[in-house]
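Student: To start, I am sharing the structure in question, which I have written as C-alpha cells.
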Amino acid sequence: MRRLKLLLATGLLFCVQILWAQVQVTGKVTDQKDGSPLAGVTVTVKNNNRSAVTGAEGTYSISAPDNGTLVFSFVGYATLERPVGSVVNVALAAGENAMTEVVVTGYTSQTRRASTGSIARVKADEVRLQPVASFEQQLQGKSAGVLIQSGSGQPGSAANVIIRGKGSVLGSTQPLYIVDGIQISAADFQSLNPSDFESYNILKDAVSTSQYGSRGANGVIVITTKKGTANKTRLTYDYQYGIGELPENKLKLMNAAEKIAFEMSADGIYGTNPNGWSDEEADSLSKVNGNWAGAMFRKAKTQQHQISLTGGSERTRFFVSGSAFDQEGVVTATGLKRYTGRINLDHSVNDFRLGLNAFVGSSRLENTTESNTGIGSPLNAIRWHLPYVTPYLPDGSYNDADMAIQGQPNALKELLENPRTNRQLKGLAAFNLEYRAPFLQGLTAKTNLGVDFTDNTIQRYVSPTTYLGSQQTGGQGSFAQSNNRNRRFSVTNSLGYRKTTGDHAFGINLFNELIQNRFTSFGFTGYGLAGAFRNAAGIIPGTPTNGFIPTVNGNETTSALLSYFAIGDYNYKGKYFLNGTVRRDGASKLAEGKKWTTFGSIGGSWVISSEDFMKNSLFNDLKLKVGYGSAANSNVGNDYEALELFGPTSYNGVGGLVLTNLAKPNLTWEIRNMFNAGIDFGLLKNRVNGTFEVYNSVTNGLYLNRQISGTSGTTSILTNMGRMRNRGIEATITAAIFKGKGFNWTLSANHTYNQNRILELDGQPENIDGLFINRVGESQNSLYVVRFARVDPQTGESIYLTKDGKETKTYDPNDRVIAGRTDPPHFGGVTNTFGYKGFELGVLFTYMFGNKVYNNDRTNVENPGYYYSSVAESLQRAWTKAGDITDVPGLMDEYHPETTRYVEDGKFLRLRNVMLSYALPANVAGKIKASTVRFFIQGQNLYTWHNVLAYDPEVPSGNLLGAQYPPLKTWTFGATVGF
Amino acid sequence: MKKIVNYIFSALVGSLFLASCTKEIDQSPTYTLNGEERFKTINDYEYALTGAYSQFLANSYYGSTSGANAFVALPDMMSDNLYETSESLVNYTQFSGWYYTADDGYVEDIWLDAYSVVRQANLTLRGIDNLASQNPRAVNRIKAQALAIRALSHFDLLRYFGEDYGRNSTKLGVPYVDRFDIEQKPARLTVKATWDRIEADLKEAKNLMGNMDKEIQSATSTAASARSLIDPMVVNAILARMYNYAGVQDSAIKYATLVINARPLATPSEYPQIWKDVTTKEVVWSVKFQAFNSDIGGNVYYAVGNRASYRPTTNLLATYNASTDVRYPSFFSSIARRGTNRLVASKYIGKEGRTDGIVDFKAFRTSEMYLIRAEAYARLGNDVQALLDLNTLRQARNAASGLETGAALLDAIFVERRKELFMEGQRFFDLKRTTRTINRTTNCSNFCTLEPAAREWNLPIPQSEIQANPAIVQNPGY
C-alpha cells in the first residue's frame, strides 16, 4: 500500500513535468528595509493562473514553468518580477509613490491604487511635533473634506472634527476613531500619546465607511501605531519645549477712566452714577488699572520628553515607547500632565502570527469652566470685573470689593481656591491572532480582541472662602469626588480567502463583531469644609442642624452592538478594481423591532495610466474612481433612548419616580447614503500629485427634535424625521515647484466646498430651536434672529425690520429671518515646504469662510442693564440725546439681543504653523554615535486675520456663549536624536 | 501539531457564529426604570405621585434657582410691590418692565413647568384603575391627590395665560390636559370650560377622599414637616381660591369657611415661626423645600449671595405699621451691603437659623381664606361679616382694626391681601382680576404704568407652542 501511494505520486509528478516542464520554486520574501519576512505576499506566475501566498515566515512554494516569470506583489510594496529558478529569494521595497501608499481601513488594507473609496492619509511624522496634546488638532488644514475646529485652547480638550459636512443635526457629528482596530472616543485623547501613531487614515466616503456600518456615517479616522522592525535596535529621543500665550482680544472693554466717566454721565435705569461714587472716589478709581486679564493669564510652558525603542528579529519585533508631557494652561493654575507607555509586539510561529498592542496612559488635568455664562466662571469674570477694581489688595490678599459693588465674585480667588482636578487612567489593549491555513493557500482566519478601559477620577474642591463655596449647601464649601469607569470590549472574528488566477484576483472576508460597553460611576459631595484639609478629610459630618448633608450618586449604563459583515474585492489585470461591503448591525439602544439594519457599498476604479494608450502621456498616474453606499449613526441621546424611562426623585424625604425620557417606539438609525467620484493623478514623474473629488451624501431619518405641544410638559421629542444633504467638492494638490541642487520647494494645498441643505422635515417647513432654525432648503442650524436696522436718532430706541423689511420699533419673534449659516462652506489649508541642505521650513495657513457666529459673549457686555458693571467700549457710543446718530441704542431701550446686531462674520485666515528644522549631516551626527540629529523651532497659531469680536473666531457651535478659552499662540523648539 | 491547528481553526470559524444569539443587544436600564415594564403594583403609583409633588419644586413653579419663580415672587415683581435695583443681573427686567415676548425663555418655562406637573399627575392616573379591584381605597387616595394636583396646575396656568377669570367667561382660558399623550395638540378652552374642568377634578378628588384606605396625612399635626400633601382641606382651599377668582361668592364663602374652621390662624407670636418652618400652624399646604432643592424668592433676594435684585417699594412698606405689625419683621429686614443697610424682602431667607433661601412655600394659608371670605361677603353686600373677617385677621397680625364699609371696605381687603400675601403669588393677579392700573408711584423711573388695556396682563403663549400646536390661539396683541 505504501509503495503504491508513493508510486502514484511520483507518477503524477512525472506526468506534470512532462506536460508543463514544471519546476518547484521555493523562496523567501523579505522587506528590503529591514530584512524582516513578509507574509501574505502574492506570488503569481506570469501569463498563468497559478499563484501562491507567502506564509508567516515569508516563505512560499510554487510550481512554475522553468522558462517562466514570477511576479511578487504585495500591498504597499513595489511589484517585482523575477525569472523562475529553483530558489528565488526576493526583497521587496516599500512603495514610494502615491499609488503604492497603503491605506488602512481598519478591517482591511489596500494600496491606494486598488482603493476605490475616498481615503485621506496623513503620516503622523508630518504633524507630530505640533505642540498640542490632542492629535486631531494636528490635522487641521492637512486634508480636504476634513474640517477641524479647535474651539478651545484648554489643555486636553478635543477638537471638533467634521468630515464632509455635518451629517446630523442632533446626533453626534464626530467621526469614529479606531486605534489598532479598537474604537476609542475623542474624550480619551488627553491620555493618548500622538507620537506612538504611525498614520492617520481618514475614511470619507461610503466605500470605506460602510465597513463600519452603523458607526461610520460621520467618517472614520483609523489610526495605526508604530510597529517594530527586524533590524538592529534603534533608540530615538525627542524633546520639546514651548511657550504659549493668548491671541489678541478683539472685544474691547472700557478701561477704568472710561468706565468712571461713563458711569458719572450715563443715564441708565438706576440713574447716573449707579454705584454711588463720591467725586473723590471717582477720581481715584479712574486711575486704577484692574488688569484682570494680566492676573489671570500667563505665558504657558509645554514640555515633552519621549523615548522609543524599536527592533527585533525575523520572528519577533517590538516597538516600545514612553513619554512625559507637561502642558501649562494659559489660564493660571490650569494644565495637563501626562505619562504614557506602549508596547507593540508581534511574533510569527509556523502558520500563526500573534500580536499585542498595549498602551497605558495616565493624565492629570487641572481645568477651569468654559463656554458658559455663569458669573462664577473665571473666564467670564475677566470681562465682567469692573476695571477699577484690582484682583488683590495691597497686602496681597484677594480683593472682594467687586462682590460688594456689583456682586461679581473675585475671579482669581474662585479659580485658585477652587481647584478642579481630573485624573484619567487609560488602558488600550488589542490582541490579535492570525492563522494562515497551510492546506488551502489564501485562506486566513483572524481574531482580534480589544479592550478600551478608561477610569476617571474627578475632584472638585470648593473652598468655604469663595463665592462658590458660600453657595454650597450649608454655605461652607464642598468637596466632590466622582469616579467613573468605561469599559469597551470588542471581539472581531474573520475568515478570509484570497486568490489570483491569471488576470483575475479576488478576496473575500467574512466578519462577526460584538462590541459591548459598560459605564459605571459613583460619586459623592460632602459639605461643610473646615480645618486643614482640602480633600475628603475636611468634610464635617452632617447633623440635623448644620445642614451639611452629603449626597451620593451612582449610575450604570450598558450598550451593545452586534454585527455580521462581508468585505470583498476584485480586480482585473490590476487595472480595473471593484470593492464591495455588506454589513448587518443590531444595536441595543434602538427601539424594539428597529434594532437591525443592513448597510452596504460598492465602488469601482480604473487605473487609466496603466492602459497602453497612456504610455507616453503626461500622466504617470491617473485613476478614476466612483462609489456609492451607506453608513449610519445612532450616537444620539442616552443608551436607552427608545424607552420610556422613570428616574429617581424625592419630595419631603420620600423617594419617588418621575418621567425622564419619552418613549420613542420608532427610534432607528440615521442613515447616510453617500456617492463619491474622483480622480487621482500624478504628473511629470509625480512632481505634481493630486486628487479631485465630488461627493453627494444624503442623511435619511435625520434625528431632529420634533416639536410637540408643550402641554405635554416638553416642547420636543427626538425623532427620525427629514432628510439632509451635504454635497461638495474637494481638491488636493501637491507640487514640487522647485527641485534643485540642495534647494527644493513643495507646495501642498487643499480646499473644500461643502453645501449643506435640509431637504425634508417630515412635511414641516421648519423646526426652530432657540437661536437656530432648520428649514427646508436652507443650511442646518442656521441663525434665526430678528434683523436690527438702526437706532432712532430721536429716541435712541432700536429699530428692527419686520419680516417684510419694514422698519418697526416693536421686537417681535415672528419677524425672525435666517441670518446666516453656522458651519463654514469653504475651508482649506496651504502648506509650503522649503528645503535647503539640512534645513527645512514648513509654513501652513488654514482658512475658512462663509459662516456666521452669534456673539452671545458680546451681548452681555453691551447690555445696558449692566451699565453699572464692566461693559464694552462701544457703549460710549450709546445714544444719549435727540439727534445722536449712532449704532448703539440708548441705555433705556428695551434690550433684545436676539438680533443681527450680534451676528458676526466667522471667516478667518490663520497662520497655523511655521516650522523650521535642521538635520545634522550624517558624518557630524556619527561623531556622537547618532544616526540622526534634528533640531526644530516652530510657531503655532502665530496670527489670525478675522473680524469676530472675541479672542478667536473658531466657534464650532456657531454661538459664542461666553467664557471663551481660545487656542493659543505657541512657540516651540526641540530636538530629536536617533541612535 | 496538525490536530491542534485544525482544532484552533475550527474554533475560530465556530466563533464566527458564536455571537449569533441576539440577546446581546437587549440591554435594560438599572439606574432608571422602563415605564412600560412598571406600574403593575400600587407601589409604583405611590412613587409616581411623589414624583408629581416633586415637580412643584421646579424653578419656574415654586422654585427660583435660575427660574421664574412664577407662583411665588414673579407676580410681585410684575406689580407695585417690588422694584428692580442695581444689584440685579437684569435677568427678569422684561417681567418687571412688562416687555416679555412670546420667545422669552421664562415664559416658556412657566408654561412647561406647570404642564410638567400635569404630566406627572396624568402618569400617576394612567392605568391606575386597573388596580382598583385589588385595592380600591388606596387607588382612591392616590387618584384624588393626582386629580387635585392636575386641577391646581391648570388653575395656575389660567392665572397667567387666561384672558380673564369670570366663571362664565367665553374668553380664552388654557388647554386642559387630562391624559398623558405627547401627540395631543389641544386647543385653549374658554375660561368657563377651563373652570368646569378644574372644578370637576377638584370635586372628584374631594369625593374620592371620602373613601380612602388611610388618611393622606395627620389632620392635626402642626410640626415643621406636616401638611406637605394635598389632603381634603387643601382641596377646600383650592376651591375657595378658585371661586374667589371666578367671582362665585357663595361657594367661596362655603369652602373658605371649611378651612377657617379646621385650620385656625396663628397667633402673633406664632406667626414669625411660620416663615422659619418651625410650625405649620395656619398653613394649609406647605410645599416642602429641603437641602438640594431650589431656593425660593431668590430672584428678589438671593440670600446666599446677599443680592437684592428687587426690593420692597416705599409704597408697599407704607401700608404696614412697621412698629407693631408682626408681618413687617417677618417679611423685611435690614441687611448691610457695602457697609450700608438696605431693607430687603427676607420673607424666604431660610429655615430657622439658616440663610440659604431654602424654605417651604406656604401655598395656601388660613389668612387667605379669611380674605377670600371677607371679599365674598363684601361683594354680596354683607359688610358686617366682611369687616369681621378682615378685622379678625388684622388683630392676629397686631394691625389696627378698621370700620370701613362699601367700596372702602373692598379696597381695605385688597390692601390687606397685598400686605398679608406679599410674595405669595397673588399681587399681579389681584390687580388683573379687578381690572386695575398698575401705577408705580415710588421707586420708578422707567416702565411705571400698566394700563388695563395692555396686552401684558396676559403672558403670551410661548412661541414654541404656537409653532407646534396649530390649535392654539395667541393672546391678543402678541
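By order in the C-alpha cells, chains are A, B, ...; within a chain, residues start at 1; ligands start at 1, following the order shown.
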May I have a table of the residues of chain A lying at most 6 Å from chain B, giving each one's closest pair of atoms and their distance in Å to one decimal, counting only C-alpha atoms, ordered by chain and ascending residue number, as CSV?
Tutor:
residue,atom,partner,partner_atom,distance
A:Ala404,CA,B:Arg338,CA,5.3
A:Gln471,CA,B:Val304,CA,5.8
A:Asn493,CA,B:Leu16,CA,5.8
A:Asn512,CA,B:Leu16,CA,5.4
A:Asn555,CA,B:Tyr31,CA,5.8
A:Ala560,CA,B:Ile25,CA,5.3
A:Ala587,CA,B:Ile25,CA,5.8
A:Ser588,CA,B:Ile25,CA,4.2
A:Glu644,CA,B:Gly35,CA,5.2
A:Leu645,CA,B:Asn34,CA,4.9
A:Phe646,CA,B:Leu33,CA,5.1
A:Gly647,CA,B:Thr32,CA,4.7
A:Tyr651,CA,B:Ser54,CA,5.1
A:Asn652,CA,B:Lys288,CA,5.6
A:Gly656,CA,B:Tyr47,CA,3.9
A:Leu657,CA,B:Ala48,CA,4.9
A:Val658,CA,B:Gly51,CA,4.9
A:Gln707,CA,B:Ala468,CA,5.3
A:Ile708,CA,B:Ala468,CA,5.3
A:Ser709,CA,B:Ala468,CA,5.5
A:Gly710,CA,B:Glu465,CA,5.8
A:Thr711,CA,B:Tyr115,CA,5.4
A:Ser712,CA,B:Ile182,CA,5.3
A:Gly713,CA,B:Ser116,CA,4.1
Student: If you count only C-alpha atoms, which residues fall within 8 Å of Leu759 (chain A), apart from same-chain ones fewer than 2 positions away, as a tab-separated table (two decimals) with C-alpha atoms, in the first residue's frame?
Tutor:
chain	number	residue	atom	x	y	z
A	722	GLY	CA	-36.40	64.57	7.47
A	723	ARG	CA	-33.53	64.36	5.11
A	724	MET	CA	-30.40	66.44	4.78
A	725	ARG	CA	-27.87	66.66	2.04
A	757	ARG	CA	-29.21	71.63	2.78
A	761	LEU	CA	-38.65	67.76	7.64
A	776	VAL	CA	-36.20	73.05	4.20
A	777	GLY	CA	-33.91	74.41	1.51
Student: List the spatial neighbours of region 625-642 of chain A as a ChimeraX atom specification - criterion: any atom at most 6 Å away, only C-alpha atoms, same-chain residues fewer than 6 positions off excluded.
Tutor: /A:116,171-172,206-207,210,213-217,589-591,599-605,663-664,667,669-678
Student: Considering only C-alpha atoms, return as a ChimeraX atom specification whatever protein or nucleic-acid residues lie within 10 Å of Asn168 (chain B), sequence-local ones (same chain, fewer than 4 positions apart) excluded.
Tutor: /B:190-196,246-247
Student: Can you tell me which residues surround Arg263 (chain B) at a distance of at most 7 Å, considering only C-alpha atoms, apart from same-chain residues fewer than 4 positions away, and format the answer as a list in words?
Tutor: Val259, Glu282 and Thr366 of chain B
Student: Using N, CA and C atoms, can you write the selected residues to a file as a short mmCIF file (atom, residue, chain, number, x, y, z; two decimals), in the first residue's frame?
Tutor:
data_model
loop_
_atom_site.label_atom_id
_atom_site.label_comp_id
_atom_site.auth_asym_id
_atom_site.auth_seq_id
_atom_site.Cartn_x
_atom_site.Cartn_y
_atom_site.Cartn_z
N VAL B 259 -62.16 75.65 55.68
CA VAL B 259 -60.73 75.71 56.01
C VAL B 259 -60.51 76.52 57.29
N GLU B 282 -51.64 77.36 60.80
CA GLU B 282 -52.27 78.24 59.83
C GLU B 282 -51.94 77.87 58.38
N THR B 366 -54.54 79.98 56.03
CA THR B 366 -55.87 80.33 56.50
C THR B 366 -56.16 81.82 56.33
#
Student: Looking at A:Arg687, A:Lys426, A:Lys573, A:Lys907, which one is nearest to Thr746 (chain A), with distances taken over only C-alpha atoms?
Tutor: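 Ranking A:Arg687, A:Lys426, A:Lys573, A:Lys907 by distance to Thr746 (chain A), first place goes to A:Arg687.
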